[in-house]
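Structure, as structure tokens:
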2 protein chains.
Amino acid sequence: MIEIYLLEHLRAFYECGTLSAAAEQLHIAQPSVSRSMQKLEDILEVTLFERQKNRIILNETGKLAAEYAKRILDEEEEMKAHIKAYDRSLHTLTIGSCAPGPLMELLPTATASLSGMTLSAAVDTEEKLLKGLWNSDYGMIVLAKPLPNEDFICKEYRSEQLMLSVPPFHPAASYKEITFADMDGQNFIMYAHVGFWEDVVREKMPHGKFFKQEELANSSDLPSFSSDITLRMIPSRRNNRINIPFSDPESRVTYYLIVLAKTEKLLRPLLRNL
Amino acid sequence: MIEIYLLEHLRAFYECGTLSAAAEQLHIAQPSVSRSMQKLEDILEVTLFERQKNRIILNETGKLAAEYAKRILDEEEEMKAHIKAYDRSLHTLTIGSCAPGPLMELLPTATASLSGMTLSAAVDTEEKLLKGLWNSDYGMIVLAKPLPNEDFICKEYRSEQLMLSVPPFHPAASYKEITFADMDGQNFIMYAHVGFWEDVVREKMPHGKFFKQEELANSSDLPSFSSDITLRMIPSRRNNRINIPFSDPESRVTYYLIVLAKTEKLLRPLLRNL
DNA sequence: ATCACTTACGGGTGACGTAAAAATC
DNA sequence: GATTTTTACGTCACCCGTAAGTGAT
């Protein structure tokens, strides 16, 4: 059998043109490459090189052999990459959600329930979430509505109440509740990755101006948004802020966890623990 | 890198199901296979097996790896086979001819002119000869007519005169020449591999009966065929036989050597020596 | 007891490095 | 003199085999 190292040496020589250059590329001594080339000819019982006194070049057969070497080595690389990727996919659950809130509560629970698994989470659009669930980019998705379909397992998770977050001196700070209409036309700070909430507030407050910021922080006196979930999971967000629930029905949603029926077995420990 | 022997061990285990059986198939001791499987997991940094106390089975990742192993090993086999075949083809000239006569004279010359090359010869139909010349099944062909085409090099070789071969007591033995019409309707022994000559005699003597024999020998008192070439190359065919040339124009042909223009360089030493 | 796998230890093949020689530029 | 290839020789890695141990049937 032709061992892999021989193919590597041949490929290196093919790419470099001289044994010395090949040896350098391979980080080995040059006589090793010389021997390997001889050994290849020995094994194949074929002349692969035209040898002059101090020069050695691949003949046609040698070039063919080098092309094969490349192909086989590439295939071996592919093998390693694919196997690692596949193994990783078996040990990774990627959860996609239409909003960050449910992920905040889901991830700690999931980490505990699926010991040994790597968790990965992302906020995405409903369309991409569904597509990703089908093509296994996502192992579980979180939508703001149920999905009655026998291909899925759909389990009600929990609800989220959108709130307005204002500094204490803001005119609305004393309200017990507030409507989108009350705030329409004003300026807001909005966390960049709020998922579908962005659609909701833009639709209900079409005259509002929304300034996006990457970090989730109270860095401005402008009103911003929070929710019962974010306040529970990140208590610091209450600091120096008054959080007033919206009263519009669109400000409260119920989330549903959705997994493919065929992967339900794998995720049962998680679904049971919620 | 994953050396080939590891892939072989994995494939054997995949095919056999147990380490012991794999070891037997590989003609090595069983602990070696055990170590190889561990080493594969080491290299890939992936779990390939589910291990019970005295049982080891491939998991999903392991099966994927085994499939890759098979593919790579198959490809390596293919590499070896193709390279040897290609090398062989570079050192082999296969000459196809429409009749055996020209090969008799050509082969000795060719052997001398193309030292180091292996010669191979075959009698074939014109159609297959031309196809074979294109697809490199033949490196050179011999036809009974020129082939004026710029893709080919066509060189007149020599002529062959068909003769009737009869025992001394045959009625025709005293003729100085003879026609196909004279002999039509009689029985003949015909060597099986005469190429286009069979078509000629069958067409010119439609009422003749031709008995084929595999060996080129005078084993019967029936008339048979010979030619100036066969008599020159195989003098023993004169023994106890009278050879009478046919006078019909179809009984004399001129042969042409034809090679692809692009391979002419390789065959120049041969073409020059004729 | 037999079978299957793993671990431990020793041996031999062979891949690599160093050194040196031959040949070319 | 610098570069390139080949040959020679010593070393060390590592693949394999043997032997022993554990657990299951």
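For the structure tokens, the naming scheme is as follows: chains receive sequential letters (A, B, ...) according to their order of presentation, residues are indexed from 1 within each chain, and ligands are indexed from 1 in presentation order.
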
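The chain A residues that come within 7 Å of chain B are Glu3, Ile4, Leu44, Val46, Thr61, Leu64, Ala65, Tyr68, Ile72, Glu75, Met79, Lys80, Ile83, Lys84, Tyr86 and Asp87 of chain A, with only C-alpha atoms taken into account.
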
Take the residues from that selection and put them in a file with all heavy atoms, as a tab-separated table (two decimals), in the first residue's frame.
chain	number	residue	atom	x	y	z
A	3	GLU	N	1.53	4.55	1.48
A	3	GLU	CA	1.15	5.30	2.67
A	3	GLU	C	0.96	6.78	2.34
A	3	GLU	O	1.52	7.30	1.36
A	3	GLU	CB	2.21	5.13	3.76
A	3	GLU	CG	2.15	3.76	4.43
A	3	GLU	CD	0.80	3.49	5.10
A	3	GLU	OE1	0.15	4.46	5.55
A	3	GLU	OE2	0.39	2.32	5.17
A	4	ILE	N	0.20	7.42	3.18
A	4	ILE	CA	-0.17	8.81	2.95
A	4	ILE	C	1.06	9.72	2.85
A	4	ILE	O	1.11	10.63	2.03
A	4	ILE	CB	-1.09	9.31	4.09
A	4	ILE	CG1	-2.46	8.65	3.94
A	4	ILE	CG2	-1.22	10.82	4.07
A	4	ILE	CD1	-3.26	9.15	2.77
A	44	LEU	N	5.00	1.17	-7.13
A	44	LEU	CA	4.16	1.16	-8.33
A	44	LEU	C	4.81	0.38	-9.47
A	44	LEU	O	4.15	0.06	-10.45
A	44	LEU	CB	3.90	2.61	-8.78
A	44	LEU	CG	2.97	3.42	-7.88
A	44	LEU	CD1	3.00	4.90	-8.27
A	44	LEU	CD2	1.55	2.90	-7.99
A	46	VAL	N	6.94	1.46	-11.57
A	46	VAL	CA	6.73	2.36	-12.70
A	46	VAL	C	7.75	3.49	-12.59
A	46	VAL	O	8.13	3.87	-11.49
A	46	VAL	CB	5.29	2.92	-12.65
A	46	VAL	CG1	5.22	4.30	-13.25
A	46	VAL	CG2	4.32	1.96	-13.31
A	61	THR	N	3.74	9.95	-16.56
A	61	THR	CA	3.16	9.06	-15.55
A	61	THR	C	3.26	9.70	-14.17
A	61	THR	O	2.33	9.61	-13.37
A	61	THR	CB	3.90	7.71	-15.56
A	61	THR	OG1	4.04	7.27	-16.92
A	61	THR	CG2	3.12	6.69	-14.78
A	64	LEU	N	0.61	12.22	-13.66
A	64	LEU	CA	-0.66	11.55	-13.38
A	64	LEU	C	-0.71	11.10	-11.93
A	64	LEU	O	-1.70	11.33	-11.22
A	64	LEU	CB	-0.82	10.35	-14.32
A	64	LEU	CG	-2.09	9.52	-14.12
A	64	LEU	CD1	-3.31	10.33	-14.51
A	64	LEU	CD2	-2.03	8.23	-14.93
A	65	ALA	N	0.38	10.51	-11.47
A	65	ALA	CA	0.43	10.05	-10.09
A	65	ALA	C	0.25	11.21	-9.13
A	65	ALA	O	-0.46	11.12	-8.13
A	65	ALA	CB	1.75	9.33	-9.83
A	68	TYR	N	-3.28	12.23	-8.84
A	68	TYR	CA	-4.01	11.31	-7.97
A	68	TYR	C	-3.68	11.57	-6.51
A	68	TYR	O	-4.55	11.55	-5.64
A	68	TYR	CB	-3.66	9.87	-8.32
A	68	TYR	CG	-4.59	9.25	-9.33
A	68	TYR	CD1	-4.20	9.06	-10.64
A	68	TYR	CD2	-5.87	8.85	-8.96
A	68	TYR	CE1	-5.05	8.49	-11.57
A	68	TYR	CE2	-6.72	8.28	-9.87
A	68	TYR	CZ	-6.32	8.10	-11.18
A	68	TYR	OH	-7.16	7.55	-12.09
A	72	ILE	N	-6.38	12.29	-3.56
A	72	ILE	CA	-6.54	11.45	-2.38
A	72	ILE	C	-6.30	12.25	-1.12
A	72	ILE	O	-7.03	12.13	-0.14
A	72	ILE	CB	-5.59	10.24	-2.46
A	72	ILE	CG1	-6.03	9.33	-3.61
A	72	ILE	CG2	-5.56	9.48	-1.14
A	72	ILE	CD1	-5.10	8.18	-3.87
A	75	GLU	N	-9.16	14.37	-0.47
A	75	GLU	CA	-10.28	13.58	0.05
A	75	GLU	C	-10.08	13.25	1.52
A	75	GLU	O	-11.02	13.23	2.30
A	75	GLU	CB	-10.40	12.29	-0.76
A	75	GLU	CG	-11.74	11.64	-0.62
A	75	GLU	CD	-12.17	11.05	-1.94
A	75	GLU	OE1	-11.48	11.27	-2.96
A	75	GLU	OE2	-13.18	10.36	-1.96
A	79	MET	N	-12.43	14.21	4.52
A	79	MET	CA	-12.89	13.22	5.49
A	79	MET	C	-12.75	13.76	6.90
A	79	MET	O	-13.69	13.74	7.68
A	79	MET	CB	-12.06	11.93	5.35
A	79	MET	CG	-12.30	10.93	6.47
A	79	MET	SD	-11.27	9.44	6.28
A	79	MET	CE	-11.77	8.51	7.74
A	80	LYS	N	-11.57	14.28	7.20
A	80	LYS	CA	-11.36	14.78	8.56
A	80	LYS	C	-12.32	15.90	8.88
A	80	LYS	O	-12.96	15.92	9.94
A	80	LYS	CB	-9.90	15.26	8.72
A	80	LYS	CG	-8.91	14.11	8.67
A	80	LYS	CD	-7.64	14.43	9.42
A	80	LYS	CE	-6.82	15.51	8.76
A	80	LYS	NZ	-5.46	15.61	9.33
A	83	ILE	N	-15.99	14.62	9.19
A	83	ILE	CA	-16.25	13.80	10.38
A	83	ILE	C	-16.31	14.68	11.60
A	83	ILE	O	-17.19	14.55	12.45
A	83	ILE	CB	-15.17	12.72	10.52
A	83	ILE	CG1	-15.39	11.66	9.44
A	83	ILE	CG2	-15.21	12.09	11.89
A	83	ILE	CD1	-14.30	10.63	9.37
A	84	LYS	N	-15.38	15.61	11.68
A	84	LYS	CA	-15.42	16.51	12.84
A	84	LYS	C	-16.70	17.33	12.85
A	84	LYS	O	-17.33	17.52	13.89
A	84	LYS	CB	-14.20	17.44	12.82
A	84	LYS	CG	-12.91	16.72	13.19
A	84	LYS	CD	-11.79	17.73	13.44
A	84	LYS	CE	-10.52	17.00	13.85
A	84	LYS	NZ	-9.45	17.93	14.25
A	86	TYR	N	-19.55	16.59	11.48
A	86	TYR	CA	-20.70	15.75	11.78
A	86	TYR	C	-20.75	15.44	13.27
A	86	TYR	O	-21.81	15.52	13.90
A	86	TYR	CB	-20.60	14.45	10.97
A	86	TYR	CG	-21.76	13.52	11.19
A	86	TYR	CD1	-23.05	13.91	10.85
A	86	TYR	CD2	-21.57	12.26	11.74
A	86	TYR	CE1	-24.11	13.04	11.06
A	86	TYR	CE2	-22.62	11.39	11.94
A	86	TYR	CZ	-23.90	11.80	11.60
A	86	TYR	OH	-24.95	10.95	11.80
A	87	ASP	N	-19.60	15.11	13.82
A	87	ASP	CA	-19.56	14.82	15.24
A	87	ASP	C	-20.02	16.03	16.05
A	87	ASP	O	-20.80	15.92	16.99
A	87	ASP	CB	-18.13	14.44	15.64
A	87	ASP	CG	-18.02	14.13	17.12
A	87	ASP	OD1	-18.56	13.09	17.54
A	87	ASP	OD2	-17.42	14.93	17.86

(message) Using only C-alpha atoms (C1' of nucleotides) and a distance of at most 8 Å, pull out the residues of chain B that contact chain D, as a count of residues only.
(response) 5

Pairing the C-alpha atoms in order across the whole chain, superpose chain B onto chain A by least squares and write the result as a tab-separated table (two decimals) with C-alpha atoms, in the first residue's frame.
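Writing done, so here's selection-v9.tsv:
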chain	number	residue	atom	x	y	z
B	1	MET	CA	-0.14	0.08	0.11
B	2	ILE	CA	0.96	3.60	-0.60
B	3	GLU	CA	1.15	5.39	2.72
B	4	ILE	CA	-0.05	8.94	2.99
B	5	TYR	CA	3.36	10.39	3.64
B	6	LEU	CA	4.48	9.18	0.23
B	7	LEU	CA	1.61	11.00	-1.41
B	8	GLU	CA	2.44	14.12	0.55
B	9	HIS	CA	6.02	13.98	-0.59
B	10	LEU	CA	4.95	13.45	-4.17
B	11	ARG	CA	2.55	16.36	-4.03
B	12	ALA	CA	5.23	18.59	-2.56
B	13	PHE	CA	7.65	17.62	-5.30
B	14	TYR	CA	4.97	18.18	-7.91
B	15	GLU	CA	4.33	21.65	-6.56
B	16	CYS	CA	7.96	22.58	-5.98
B	17	GLY	CA	9.72	21.04	-8.96
B	18	THR	CA	12.87	20.00	-7.13
B	19	LEU	CA	13.52	17.59	-4.31
B	20	SER	CA	15.31	20.23	-2.28
B	21	ALA	CA	12.43	22.67	-2.49
B	22	ALA	CA	9.95	19.91	-1.68
B	23	ALA	CA	12.02	18.92	1.34
B	24	GLU	CA	12.02	22.50	2.53
B	25	GLN	CA	8.26	22.75	2.13
B	26	LEU	CA	7.85	19.50	4.02
B	27	HIS	CA	10.32	20.53	6.72
B	28	ILE	CA	12.33	17.37	6.28
B	29	ALA	CA	15.74	16.56	4.88
B	30	GLN	CA	16.12	16.25	1.16
B	31	PRO	CA	17.36	12.64	0.98
B	32	SER	CA	14.07	11.61	2.57
B	33	VAL	CA	12.16	12.97	-0.37
B	34	SER	CA	14.55	11.29	-2.76
B	35	ARG	CA	13.96	7.98	-1.03
B	36	SER	CA	10.20	8.48	-1.02
B	37	MET	CA	10.12	9.03	-4.77
B	38	GLN	CA	12.13	5.86	-5.28
B	39	LYS	CA	9.84	4.00	-2.98
B	40	LEU	CA	6.78	5.12	-4.90
B	41	GLU	CA	8.28	3.78	-8.10
B	42	ASP	CA	9.07	0.58	-6.25
B	43	ILE	CA	5.55	0.13	-5.00
B	44	LEU	CA	3.87	1.04	-8.26
B	45	GLU	CA	6.44	-0.83	-10.34
B	46	VAL	CA	6.38	2.09	-12.71
B	47	THR	CA	8.79	4.81	-13.75
B	48	LEU	CA	7.50	8.16	-12.53
B	49	PHE	CA	10.55	10.32	-13.20
B	50	GLU	CA	13.03	11.10	-15.84
B	51	ARG	CA	16.37	11.16	-14.07
B	52	GLN	CA	19.33	13.07	-15.32
B	53	LYS	CA	22.56	13.14	-13.40
B	54	ASN	CA	21.59	15.95	-11.08
B	55	ARG	CA	18.05	16.58	-12.11
B	56	ILE	CA	14.80	14.67	-11.65
B	57	ILE	CA	11.51	15.49	-13.36
B	58	LEU	CA	8.10	13.91	-13.43
B	59	ASN	CA	7.25	12.06	-16.61
B	60	GLU	CA	3.69	11.76	-17.87
B	61	THR	CA	2.94	8.85	-15.60
B	62	GLY	CA	4.43	10.75	-12.71
B	63	LYS	CA	2.22	13.73	-13.35
B	64	LEU	CA	-0.79	11.46	-13.39
B	65	ALA	CA	0.32	9.99	-10.10
B	66	ALA	CA	0.81	13.44	-8.60
B	67	GLU	CA	-2.70	14.45	-9.63
B	68	TYR	CA	-4.05	11.37	-7.91
B	69	ALA	CA	-1.98	12.14	-4.86
B	70	LYS	CA	-3.49	15.59	-4.68
B	71	ARG	CA	-6.98	14.19	-5.00
B	72	ILE	CA	-6.48	11.62	-2.28
B	73	LEU	CA	-4.87	14.08	0.10
B	74	ASP	CA	-7.65	16.56	-0.50
B	75	GLU	CA	-10.15	13.85	0.20
B	76	GLU	CA	-8.44	12.98	3.42
B	77	GLU	CA	-8.53	16.62	4.48
B	78	GLU	CA	-12.20	16.66	3.64
B	79	MET	CA	-12.71	13.52	5.67
B	80	LYS	CA	-11.13	15.05	8.74
B	81	ALA	CA	-13.05	18.29	8.41
B	82	HIS	CA	-16.41	16.62	7.80
B	83	ILE	CA	-16.04	14.14	10.58
B	84	LYS	CA	-15.16	16.82	13.06
B	85	ALA	CA	-18.01	18.98	11.86
B	86	TYR	CA	-20.44	16.11	12.02
B	87	ASP	CA	-19.31	15.14	15.48
B	88	ARG	CA	-19.67	18.73	16.54
B	89	SER	CA	-23.18	18.90	15.12
B	90	LEU	CA	-24.14	15.81	17.10
B	91	HIS	CA	-23.07	17.49	20.30
B	92	THR	CA	-24.37	20.94	19.58
B	93	LEU	CA	-27.89	22.19	19.84
B	94	THR	CA	-28.45	25.46	18.08
B	95	ILE	CA	-31.55	27.23	19.26
B	96	GLY	CA	-32.99	29.93	17.07
B	97	SER	CA	-35.51	32.37	18.41
B	98	CYS	CA	-37.63	35.17	17.03
B	99	ALA	CA	-36.69	37.26	20.07
B	100	PRO	CA	-33.95	37.29	22.70
B	101	GLY	CA	-36.26	37.02	25.71
B	102	PRO	CA	-37.08	33.31	25.55
B	103	LEU	CA	-33.42	32.48	24.95
B	104	MET	CA	-32.51	34.13	28.23
B	105	GLU	CA	-34.67	31.74	30.16
B	106	LEU	CA	-34.21	28.75	27.90
B	107	LEU	CA	-30.43	28.62	27.74
B	108	PRO	CA	-29.76	28.02	31.44
B	109	THR	CA	-32.38	25.28	31.59
B	110	ALA	CA	-31.15	23.72	28.36
B	111	THR	CA	-27.55	23.73	29.53
B	112	ALA	CA	-28.60	21.78	32.58
B	113	SER	CA	-30.91	19.36	30.78
B	114	LEU	CA	-28.58	18.54	27.90
B	115	SER	CA	-25.39	17.88	29.74
B	116	GLY	CA	-22.50	17.20	27.44
B	117	MET	CA	-24.05	19.18	24.64
B	118	THR	CA	-22.80	22.48	23.41
B	119	LEU	CA	-25.48	25.11	23.17
B	120	SER	CA	-25.59	27.78	20.59
B	121	ALA	CA	-28.27	30.41	20.24
B	122	ALA	CA	-29.26	33.01	17.70
B	123	VAL	CA	-32.07	35.47	17.05
B	124	ASP	CA	-33.37	35.25	13.53
B	125	THR	CA	-36.37	36.00	11.33
B	126	GLU	CA	-39.28	33.61	11.27
B	127	GLU	CA	-38.56	32.68	7.69
B	128	LYS	CA	-34.94	31.81	8.37
B	129	LEU	CA	-35.87	29.99	11.55
B	130	LEU	CA	-38.20	27.66	9.72
B	131	LYS	CA	-35.73	27.08	6.91
B	132	GLY	CA	-32.99	26.49	9.45
B	133	LEU	CA	-35.08	24.00	11.33
B	134	TRP	CA	-35.53	21.96	8.18
B	135	ASN	CA	-31.91	21.98	7.12
B	136	SER	CA	-30.65	21.36	10.67
B	137	ASP	CA	-29.00	24.73	11.07
B	138	TYR	CA	-31.30	24.92	14.06
B	139	GLY	CA	-32.15	22.01	16.30
B	140	MET	CA	-34.91	23.94	18.00
B	141	ILE	CA	-36.64	27.22	17.27
B	142	VAL	CA	-38.81	29.56	19.28
B	143	LEU	CA	-41.68	31.33	17.54
B	144	ALA	CA	-44.31	33.71	18.87
B	145	LYS	CA	-47.10	31.51	17.54
B	146	PRO	CA	-47.89	27.82	17.47
B	147	LEU	CA	-47.09	25.75	14.42
B	148	PRO	CA	-49.62	22.96	14.05
B	149	ASN	CA	-47.99	20.45	11.74
B	150	GLU	CA	-47.29	16.79	12.22
B	151	ASP	CA	-43.67	17.20	11.13
B	152	PHE	CA	-43.04	19.29	14.24
B	153	ILE	CA	-43.36	18.98	17.94
B	154	CYS	CA	-44.74	22.29	19.14
B	155	LYS	CA	-44.88	23.05	22.83
B	156	GLU	CA	-46.16	26.21	24.47
B	157	TYR	CA	-43.32	27.77	26.40
B	158	ARG	CA	-44.16	31.06	28.14
B	159	SER	CA	-45.25	34.58	27.42
B	160	GLU	CA	-43.49	37.88	27.31
B	161	GLN	CA	-44.96	41.28	28.10
B	162	LEU	CA	-43.32	44.21	26.34
B	163	MET	CA	-42.68	47.23	28.54
B	164	LEU	CA	-41.59	50.77	28.13
B	165	SER	CA	-38.46	51.64	30.08
B	166	VAL	CA	-38.11	55.28	31.06
B	167	PRO	CA	-36.03	57.27	33.53
B	168	PRO	CA	-37.86	58.31	36.70
B	169	PHE	CA	-38.32	61.90	35.58
B	170	HIS	CA	-39.95	60.96	32.30
B	171	PRO	CA	-43.53	62.30	31.89
B	172	ALA	CA	-44.86	58.78	31.53
B	173	ALA	CA	-43.08	57.45	34.59
B	174	SER	CA	-46.15	57.50	36.74
B	175	TYR	CA	-48.37	55.55	34.32
B	176	LYS	CA	-49.45	52.11	35.37
B	177	GLU	CA	-49.78	51.08	31.75
B	178	ILE	CA	-49.30	52.72	28.42
B	179	THR	CA	-50.29	52.26	24.77
B	180	PHE	CA	-48.22	52.37	21.62
B	181	ALA	CA	-50.42	55.25	20.48
B	182	ASP	CA	-49.36	57.22	23.57
B	183	MET	CA	-45.75	57.04	22.58
B	184	ASP	CA	-45.95	57.19	18.80
B	185	GLY	CA	-43.71	59.82	17.32
B	186	GLN	CA	-41.17	59.86	20.13
B	187	ASN	CA	-37.49	58.84	20.07
B	188	PHE	CA	-36.42	55.50	21.43
B	189	ILE	CA	-33.27	53.59	22.11
B	190	MET	CA	-33.65	50.07	20.84
B	191	TYR	CA	-31.37	47.12	21.41
B	192	ALA	CA	-30.21	45.89	18.01
B	193	HIS	CA	-31.14	42.23	18.44
B	194	VAL	CA	-34.75	42.25	19.56
B	195	GLY	CA	-36.03	40.09	16.74
B	196	PHE	CA	-39.66	40.44	15.84
B	197	TRP	CA	-40.23	43.07	18.55
B	198	GLU	CA	-38.68	45.57	16.19
B	199	ASP	CA	-41.37	44.86	13.64
B	200	VAL	CA	-44.08	45.22	16.29
B	201	VAL	CA	-43.00	48.59	17.63
B	202	ARG	CA	-42.26	49.99	14.17
B	203	GLU	CA	-45.70	48.96	12.98
B	204	LYS	CA	-47.55	50.18	16.05
B	205	MET	CA	-45.58	53.41	16.32
B	206	PRO	CA	-45.03	54.34	12.69
B	207	HIS	CA	-43.90	57.83	13.57
B	208	GLY	CA	-41.40	56.79	16.20
B	209	LYS	CA	-37.65	57.16	15.76
B	210	PHE	CA	-35.64	54.17	16.85
B	211	PHE	CA	-31.96	54.45	17.58
B	212	LYS	CA	-30.25	51.12	17.59
B	213	GLN	CA	-27.51	50.21	19.98
B	214	GLU	CA	-25.49	47.01	19.99
B	215	GLU	CA	-25.17	46.60	23.73
B	216	LEU	CA	-28.10	45.97	26.04
B	217	ALA	CA	-27.64	48.94	28.42
B	218	ASN	CA	-29.43	51.95	29.89
B	219	SER	CA	-27.01	54.48	28.55
B	220	SER	CA	-29.45	57.22	27.72
B	221	ASP	CA	-32.37	59.14	29.10
B	222	LEU	CA	-34.41	58.25	26.06
B	223	PRO	CA	-37.21	55.78	26.55
B	224	SER	CA	-36.35	52.22	25.60
B	225	PHE	CA	-37.98	48.82	25.78
B	226	SER	CA	-37.90	46.02	28.26
B	227	SER	CA	-40.11	43.12	29.19
B	228	ASP	CA	-41.09	41.00	32.11
B	229	ILE	CA	-38.52	38.49	31.00
B	230	THR	CA	-35.59	40.85	30.61
B	231	LEU	CA	-36.36	42.42	33.97
B	232	ARG	CA	-36.49	39.03	35.61
B	233	MET	CA	-33.32	37.81	33.96
B	234	ILE	CA	-31.39	41.06	34.16
B	235	PRO	CA	-32.50	42.73	37.39
B	236	SER	CA	-30.05	45.56	36.88
B	237	ARG	CA	-32.24	46.88	34.13
B	238	ARG	CA	-34.56	48.13	36.82
B	239	ASN	CA	-31.87	50.50	38.09
B	240	ASN	CA	-33.02	54.06	37.75
B	241	ARG	CA	-35.67	53.05	35.25
B	242	ILE	CA	-39.41	52.82	35.50
B	243	ASN	CA	-40.86	49.95	33.47
B	244	ILE	CA	-44.43	50.35	32.30
B	245	PRO	CA	-46.26	47.52	30.56
B	246	PHE	CA	-47.91	48.27	27.25
B	247	SER	CA	-51.59	47.48	27.25
B	248	ASP	CA	-51.99	46.78	23.54
B	249	PRO	CA	-52.65	43.12	22.78
B	250	GLU	CA	-49.64	43.07	20.45
B	251	SER	CA	-47.38	43.76	23.42
B	252	ARG	CA	-47.98	40.34	24.88
B	253	VAL	CA	-46.95	37.22	23.05
B	254	THR	CA	-46.78	33.56	23.87
B	255	TYR	CA	-43.74	31.62	22.70
B	256	TYR	CA	-43.73	28.12	21.36
B	257	LEU	CA	-40.80	25.75	21.25
B	258	ILE	CA	-40.68	23.86	17.99
B	259	VAL	CA	-38.50	20.89	17.09
B	260	LEU	CA	-38.58	18.46	14.21
B	261	ALA	CA	-40.58	15.40	15.16
B	262	LYS	CA	-37.68	13.15	14.18
B	263	THR	CA	-35.28	14.87	16.57
B	264	GLU	CA	-37.71	14.90	19.46
B	265	LYS	CA	-36.11	11.91	21.09
B	266	LEU	CA	-32.79	13.67	21.40
B	267	LEU	CA	-34.37	16.72	22.98
B	268	ARG	CA	-36.87	14.99	25.22
B	269	PRO	CA	-34.85	15.64	28.39
B	270	LEU	CA	-34.99	19.33	27.62
B	271	LEU	CA	-38.68	19.51	26.69
B	272	ARG	CA	-39.65	17.59	29.80
B	273	ASN	CA	-37.77	19.94	32.13
B	274	LEU	CA	-39.62	23.13	31.22

(request) Enumerate as a PyMOL selection string all residues of range 42-236 of chain A assigned to strand (DSSP E) by DSSP on the backbone, naming them with the chain letters and numbers the document uses. (result) chain A and resi 49-52+55-58+92-97+118-123+140-143+152-166+187-191+209-213+224-227

(message) With 8 Å as the limit and counting only C-alpha atoms (C1' of nucleotides), what residues in chain C lie close to chain B? Please list them as an NGL selection string.
(response) :C and (4-6)

Those selected residues, please, written with N, CA, C and O atoms (P, O5', C5', C4', C3', O3' and C1' of nucleotides) and delivered as an mmCIF file, in the first residue's frame.
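Output below, filename part27.cif:
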data_model
loop_
_atom_site.group_PDB
_atom_site.id
_atom_site.type_symbol
_atom_site.label_atom_id
_atom_site.label_comp_id
_atom_site.auth_asym_id
_atom_site.auth_seq_id
_atom_site.Cartn_x
_atom_site.Cartn_y
_atom_site.Cartn_z
ATOM 1 P P DA C 4 -15.371 -13.745 19.525
ATOM 2 O "O5'" DA C 4 -15.171 -12.368 20.295
ATOM 3 C "C5'" DA C 4 -16.294 -11.742 20.895
ATOM 4 C "C4'" DA C 4 -15.848 -10.463 21.584
ATOM 5 C "C3'" DA C 4 -14.802 -9.664 20.798
ATOM 6 O "O3'" DA C 4 -15.218 -8.314 20.684
ATOM 7 C "C1'" DA C 4 -14.056 -10.055 23.020
ATOM 8 P P DC C 5 -14.357 -7.328 19.798
ATOM 9 O "O5'" DC C 5 -13.597 -6.457 20.894
ATOM 10 C "C5'" DC C 5 -14.355 -5.689 21.828
ATOM 11 C "C4'" DC C 5 -13.467 -5.244 22.976
ATOM 12 C "C3'" DC C 5 -12.276 -4.380 22.573
ATOM 13 O "O3'" DC C 5 -12.475 -3.052 23.047
ATOM 14 C "C1'" DC C 5 -11.662 -6.048 24.178
ATOM 15 P P DT C 6 -11.312 -1.965 22.793
ATOM 16 O "O5'" DT C 6 -10.368 -2.104 24.060
ATOM 17 C "C5'" DT C 6 -10.925 -1.976 25.362
ATOM 18 C "C4'" DT C 6 -9.836 -2.118 26.413
ATOM 19 C "C3'" DT C 6 -8.619 -1.203 26.201
ATOM 20 O "O3'" DT C 6 -8.428 -0.432 27.370
ATOM 21 C "C1'" DT C 6 -7.933 -3.462 26.570
#
